[in-house]
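Engineer: Structure in structure tokens, see below.
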Amino acid sequence: MKNYINGTWTASESGRTFPNINPADNRDVIAEFPLSSSADVSSAVQAASTAFQSWKLTPAPKRGDILRRAGDIFTRRKDELADVMTREMGKTLTETKGDIQEAIDTAYYAATETRRLFGYTAPSEMHNKMNLSFRMPIGVCGIITAWNFPIAVPSWKILPALAAGNTVVFKPSDDSPHSANIFAEILEEAGLPAGVFNVIHGDAEAGAELVEHPDVRVVGFTGSTQTGTAIAARCAQLNKKVSLEMGGKNAQIVMNDADLDLAIDGVLWGAFGTTGQRCTATSRLILHEDIHDLVVDRLIALSQKLVLGDGRKSGTQVGPVINQRQLDKIMSYIEIGKQQTTCVAGGYRDTDGDKQHGYFIAPTIFTGVTSEHTTFREEIFGPVLSVSKVSSFEQAITLANDCAYGLSSSLYTKDVNRAFAAIRDIEAGITYINAPTIGAEAHMPFGGIKGTGNGHREGGWTVFDIFTEWKTVYVDYSGHLQRAQIDNY
Ligand code: NAD
């Protein structure tokens, strides 16, 4: 498979490739993809720079028409693309279809925004003068993403960036390159002109080259806090705009008045859906002491019934983790967890039958976890849930906030006063009440605080703050020189 540069499928100038491997069965090498060099990155950025000159002048609603058609094509190709995505990154077909639905929603949302992209007007201090400010496209956007939402997360950045009149060079994760190529096919079929959207494959090196390129004016990044922080430091030196969506360590609080069936369903989906590999995954469960034992007992029983396997097989509920490196990392956290706390479910690699060829980890639960413990503090990014016990609502909030990250959070309670206090007091970009820590909607701001983000939000109209610059205009129709701060005062 190839890079997509200036509307053409292009082999890497480096001649080097990397394999795309099915994590459910590592004997299944899906295809080789280019390990792009700086020359490939330069070609793609050059194509995007040239295309920007005409794309920015294309009337925004016309750009929206193309995005709407892309939404239609994503819909038409949903089943096929879901199969490709599950094969290369493991989550179940139900989940990959949900991932694509997010892109469909974003395409239609971004298309409608092309008829708004609101600026504003304001009164002038002077007679016969008009003041207004409106959004301008910026130029070439370098988009770098993780593998866990191979279509949804790129769509949150790429589609609004295009809607606003920018062009894009996309460096997808090397664990989900095939989905990225289908993304390009869909935009091409929708009528996007050559060079407006480009894909370069590769690893950290290609990503770093993209950040570095002087014609890349905005960097949109989703990935680990470690990588994002390094990219932000470099962008600061280069005076580039950068938006960061990084790690999470999300807490779900369950109070003693909660609907426990609802809360337990929420934990199972939040902690073990997508094999715990969501930035918004529920990785900390904070239980009121009155209901702690009951909830833990039921979670143990239900988590042990979850069906692990190939996400493309019907009946599978939990797929593999992404690769050998991540498997090793998660297993090392599980070993630490066993030393520091009590493992009450899972805690092992599942190599039963065909699973011996994949990267499967049994849903794992630790109890007796406090804020001192490693599994409470560090992002594991796997099917591992740490359970802590508290005796009050205030203690629950304090514990939830004792965290380096601030992406998502959740509270289960029937007490409306506590619900509103939690909405105010939990330090996170997203708070769910009586719902799990996951489930973003395309038209709402998405992102986090602390170690999760740098003040930007994707989703909703807030994403246009990333991909546009304000142009302020003063139109003086008085016919004589007016000196605002001198003649008026
Ligand atoms: P990662 O940071 O290793 O890689 C992310 C992307 O950055 C990849 O495309 C990678 O090739 C590229 N990259 C790596 N080093 C780079 C460098 N020095 N310069 C430029 N690009 C570089 O993350 P990952 O393991 O792929 O993904 C998992 C992480 O992503 C988790 O921490 C998870 O929480 C986070 N994530 C966050 C969100 C969010 O919206 N907050 C969503 C999904 C995933």
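Residues in the structure tokens are numbered from 1 in each chain, the chains being A, B, ... in the order shown, and ligands are numbered from 1 in the order shown.
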What does the list of residues within 7 Å of ligand 1 look like if you count only C-alpha atoms and all ligand atoms, written as a ChimeraX atom specification?
Structural biologist: /A:144-149,153,171-174,202-208,211,222-228,230-231,245-248,278-279,379,381,407,447-448,452
Engineer: Could you go through range 323-426 of chain A and tell me which residues DSSP, when run on the backbone, assigns to strand (DSSP E or B), listing them as a JSON list (two decimals) with C-alpha atoms, in the first residue's frame?
Structural biologist:
```
[["chain", "number", "residue", "atom", "x", "y", "z"],
["A", 342, "THR", "CA", -5.55, -7.42, 45.19],
["A", 343, "CYS", "CA", -6.31, -8.89, 41.78],
["A", 344, "VAL", "CA", -9.90, -10.20, 41.93],
["A", 345, "ALA", "CA", -10.51, -10.90, 38.23],
["A", 349, "ARG", "CA", -2.79, -13.21, 29.11],
["A", 361, "ILE", "CA", -5.62, -10.04, 28.08],
["A", 364, "THR", "CA", -8.66, -7.47, 35.03],
["A", 365, "ILE", "CA", -9.92, -5.91, 38.25],
["A", 366, "PHE", "CA", -7.88, -4.75, 41.23],
["A", 367, "THR", "CA", -9.44, -3.86, 44.58],
["A", 384, "VAL", "CA", -7.58, -3.05, 33.67],
["A", 385, "LEU", "CA", -9.89, -1.52, 36.27],
["A", 386, "SER", "CA", -8.70, -0.21, 39.65],
["A", 387, "VAL", "CA", -11.33, -0.08, 42.39],
["A", 388, "SER", "CA", -11.14, 2.23, 45.39],
["A", 389, "LYS", "CA", -13.45, 2.49, 48.40],
["A", 390, "VAL", "CA", -14.66, 5.77, 49.94],
["A", 405, "TYR", "CA", -5.03, 13.74, 33.80],
["A", 406, "GLY", "CA", -8.41, 15.42, 33.31],
["A", 409, "SER", "CA", -15.43, 11.46, 34.55],
["A", 410, "SER", "CA", -18.69, 9.99, 35.68],
["A", 411, "LEU", "CA", -21.00, 9.97, 38.69],
["A", 412, "TYR", "CA", -23.85, 7.56, 39.36]]
```
Engineer: Can you measure CA of Asp328 in chain A to CA of Ser303 in chain A for me? One decimal in Å is fine.
Structural biologist: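 That distance, rounded to one decimal, is 21.5 Å.
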Engineer: Could you list, with a cut-off of 12 Å and counting only C-alpha atoms, the residues of range 106-141 of chain A near range 73-83 of chain A, each shown with its nearest atom pair and the distance in Å rounded to one decimal, rows sorted by chain and ascending number, as a tab-separated table?
Structural biologist:
```
residue	atom	partner	partner_atom	distance
A:Thr106	CA	A:Phe74	CA	10.9
A:Ala107	CA	A:Phe74	CA	9.1
A:Tyr108	CA	A:Phe74	CA	10.9
```
Engineer: Put those residues in a file: C-alpha atoms, as a PDB file, in the first residue's frame.
Structural biologist:
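Below is the file that was written, result32.pdb:
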```pdb
ATOM      1  CA  THR A 106     -18.764  14.824  12.004  1.00  0.00           C
ATOM      2  CA  ALA A 107     -18.932  15.067   8.209  1.00  0.00           C
ATOM      3  CA  TYR A 108     -22.555  16.230   8.284  1.00  0.00           C
TER       4      TYR A 108
END
```
Engineer: Could you check which of A:Trp470, A:Phe183, A:Tyr348, A:Trp9 is closest to Met85 in chain A, using only C-alpha atoms?
Structural biologist: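 Residue with the minimum atom-to-atom distance to Met85 in chain A: A:Phe183.
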Engineer: Please report, as a PyMOL selection string, each residue of range 104-180 of chain A to which DSSP assigns alpha helix (DSSP H) when run on this structure's backbone.
Structural biologist: chain A and resi 104-113+152-163+177-180
Engineer: Using Å and a single decimal, report how far CA of Asn3 in chain A sits from CA of Ile66 in chain A.
Structural biologist: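 These atoms are spaced 21.8 Å apart.
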Engineer: Which residues are close to Leu162 in chain A, i.e. within 9 Å by only C-alpha atoms, leaving aside same-chain residues fewer than 4 positions away? Reply as a list in words.
Structural biologist: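 Using only C-alpha atoms, the neighbours found are Trp55, Arg63, Gly64, Leu67, Ala110, Pro137, Lys157, Ile158, Asn166, Thr167, Val168, Val196, Phe197 and Phe467 of chain A.
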Engineer: Quick one: write out the picked residues with all heavy atoms as a tab-separated table (two decimals), in the first residue's frame?
Structural biologist:
```tsv
chain	number	residue	atom	x	y	z
A	55	TRP	N	-8.17	26.11	-2.62
A	55	TRP	CA	-9.17	25.57	-1.69
A	55	TRP	C	-9.70	26.66	-0.75
A	55	TRP	O	-10.88	26.75	-0.46
A	55	TRP	CB	-8.56	24.42	-0.89
A	55	TRP	CG	-9.49	23.73	0.06
A	55	TRP	CD1	-9.39	23.69	1.42
A	55	TRP	CD2	-10.67	22.98	-0.26
A	55	TRP	NE1	-10.42	22.96	1.97
A	55	TRP	CE2	-11.21	22.51	0.95
A	55	TRP	CE3	-11.31	22.65	-1.46
A	55	TRP	CZ2	-12.37	21.74	1.00
A	55	TRP	CZ3	-12.47	21.88	-1.40
A	55	TRP	CH2	-12.98	21.44	-0.19
A	63	ARG	N	-17.43	23.74	-0.13
A	63	ARG	CA	-16.59	22.78	0.60
A	63	ARG	C	-17.49	21.85	1.42
A	63	ARG	O	-17.25	20.64	1.51
A	63	ARG	CB	-15.61	23.53	1.53
A	63	ARG	CG	-14.68	24.48	0.79
A	63	ARG	CD	-13.50	24.90	1.65
A	63	ARG	NE	-13.82	25.72	2.81
A	63	ARG	CZ	-13.61	27.04	2.89
A	63	ARG	NH1	-13.07	27.71	1.88
A	63	ARG	NH2	-13.93	27.68	3.99
A	64	GLY	N	-18.53	22.43	1.99
A	64	GLY	CA	-19.48	21.63	2.78
A	64	GLY	C	-20.16	20.55	1.94
A	64	GLY	O	-20.40	19.44	2.43
A	67	LEU	N	-17.98	17.59	1.86
A	67	LEU	CA	-17.98	16.87	3.15
A	67	LEU	C	-19.26	16.07	3.33
A	67	LEU	O	-19.24	14.95	3.85
A	67	LEU	CB	-17.80	17.86	4.30
A	67	LEU	CG	-16.46	18.60	4.30
A	67	LEU	CD1	-16.39	19.58	5.45
A	67	LEU	CD2	-15.29	17.62	4.37
A	110	ALA	N	-19.77	19.16	10.18
A	110	ALA	CA	-18.81	20.13	9.61
A	110	ALA	C	-19.40	20.76	8.35
A	110	ALA	O	-19.20	21.96	8.09
A	110	ALA	CB	-17.48	19.45	9.30
A	137	PRO	N	-9.07	30.68	7.14
A	137	PRO	CA	-8.28	29.45	7.17
A	137	PRO	C	-6.81	29.79	7.43
A	137	PRO	O	-6.38	30.92	7.18
A	137	PRO	CB	-8.47	28.87	5.76
A	137	PRO	CG	-8.91	30.02	4.91
A	137	PRO	CD	-9.60	31.00	5.81
A	157	LYS	N	-10.67	16.11	13.45
A	157	LYS	CA	-9.73	17.18	13.12
A	157	LYS	C	-9.81	17.53	11.63
A	157	LYS	O	-9.90	18.69	11.25
A	157	LYS	CB	-8.29	16.71	13.42
A	157	LYS	CG	-8.04	16.28	14.84
A	157	LYS	CD	-6.64	15.67	14.95
A	157	LYS	CE	-6.43	14.90	16.22
A	157	LYS	NZ	-6.52	15.67	17.45
A	158	ILE	N	-9.74	16.48	10.80
A	158	ILE	CA	-9.56	16.70	9.36
A	158	ILE	C	-10.79	17.36	8.75
A	158	ILE	O	-10.67	18.33	7.97
A	158	ILE	CB	-9.26	15.35	8.67
A	158	ILE	CG1	-7.88	14.85	9.11
A	158	ILE	CG2	-9.36	15.47	7.15
A	158	ILE	CD1	-7.63	13.38	8.81
A	166	ASN	N	-8.73	24.97	5.13
A	166	ASN	CA	-7.33	24.55	5.23
A	166	ASN	C	-7.09	23.32	4.37
A	166	ASN	O	-8.02	22.63	3.95
A	166	ASN	CB	-7.00	24.16	6.68
A	166	ASN	CG	-7.28	25.27	7.65
A	166	ASN	OD1	-6.53	26.23	7.73
A	166	ASN	ND2	-8.39	25.16	8.38
A	167	THR	N	-5.82	23.01	4.15
A	167	THR	CA	-5.47	21.73	3.55
A	167	THR	C	-4.74	20.90	4.60
A	167	THR	O	-4.32	21.43	5.64
A	167	THR	CB	-4.62	21.91	2.29
A	167	THR	OG1	-3.47	22.70	2.62
A	167	THR	CG2	-5.42	22.61	1.20
A	168	VAL	N	-4.62	19.59	4.34
A	168	VAL	CA	-4.20	18.67	5.40
A	168	VAL	C	-3.15	17.68	4.91
A	168	VAL	O	-3.25	17.16	3.80
A	168	VAL	CB	-5.45	17.88	5.92
A	168	VAL	CG1	-5.04	16.70	6.79
A	168	VAL	CG2	-6.39	18.80	6.68
A	196	VAL	N	-5.53	18.63	-1.55
A	196	VAL	CA	-6.19	19.23	-0.38
A	196	VAL	C	-6.04	18.31	0.84
A	196	VAL	O	-5.89	18.77	1.97
A	196	VAL	CB	-7.68	19.51	-0.68
A	196	VAL	CG1	-8.43	19.98	0.56
A	196	VAL	CG2	-7.79	20.57	-1.78
A	197	PHE	N	-6.05	17.01	0.59
A	197	PHE	CA	-5.86	16.04	1.67
A	197	PHE	C	-4.80	15.02	1.24
A	197	PHE	O	-4.88	14.49	0.13
A	197	PHE	CB	-7.19	15.32	1.95
A	197	PHE	CG	-7.07	14.23	2.98
A	197	PHE	CD1	-6.82	14.54	4.31
A	197	PHE	CD2	-7.20	12.89	2.62
A	197	PHE	CE1	-6.69	13.54	5.27
A	197	PHE	CE2	-7.08	11.88	3.57
A	197	PHE	CZ	-6.83	12.21	4.89
A	467	PHE	N	-8.64	25.55	14.02
A	467	PHE	CA	-8.31	25.54	12.59
A	467	PHE	C	-8.63	26.85	11.87
A	467	PHE	O	-8.69	26.87	10.64
A	467	PHE	CB	-9.00	24.35	11.92
A	467	PHE	CG	-8.47	23.03	12.41
A	467	PHE	CD1	-9.24	22.16	13.16
A	467	PHE	CD2	-7.15	22.66	12.14
A	467	PHE	CE1	-8.73	20.96	13.63
A	467	PHE	CE2	-6.63	21.46	12.60
A	467	PHE	CZ	-7.42	20.61	13.35
```
Engineer: From the list A:Leu192, A:Ala70, A:Ala400, A:Ile430, which residue is nearest Asn6 in chain A when using only C-alpha atoms?
Structural biologist: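 Once distances to Asn6 in chain A are computed over only C-alpha atoms, the minimum belongs to A:Leu192.
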Engineer: I'd like the neighbourhood of Arg312 in chain A as an MDAnalysis selection string, where a residue qualifies if any of its atoms comes within 10 Å (using only C-alpha atoms), though same-chain residues fewer than 2 positions away should be ignored.
Structural biologist: chainID A and resid 24 82:87 90:94 96 309:310 314:316 319
Engineer: Neighbouring residues of range 339-341 of chain A were defined as those with any atom within 9 Å, considering only C-alpha atoms; residues of the same chain fewer than 6 positions away were excluded. Please report them as a ChimeraX atom specification.
Structural biologist: /A:366-370,373-375
Engineer: Can you work out which one of A:Pro363, A:Gly429, A:Gly7, A:Pro59 has the shortest atom-to-atom distance to Gln277 in chain A, counting only C-alpha atoms?
Structural biologist: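 Ranking A:Pro363, A:Gly429, A:Gly7, A:Pro59 by distance to Gln277 in chain A, first place goes to A:Pro363.
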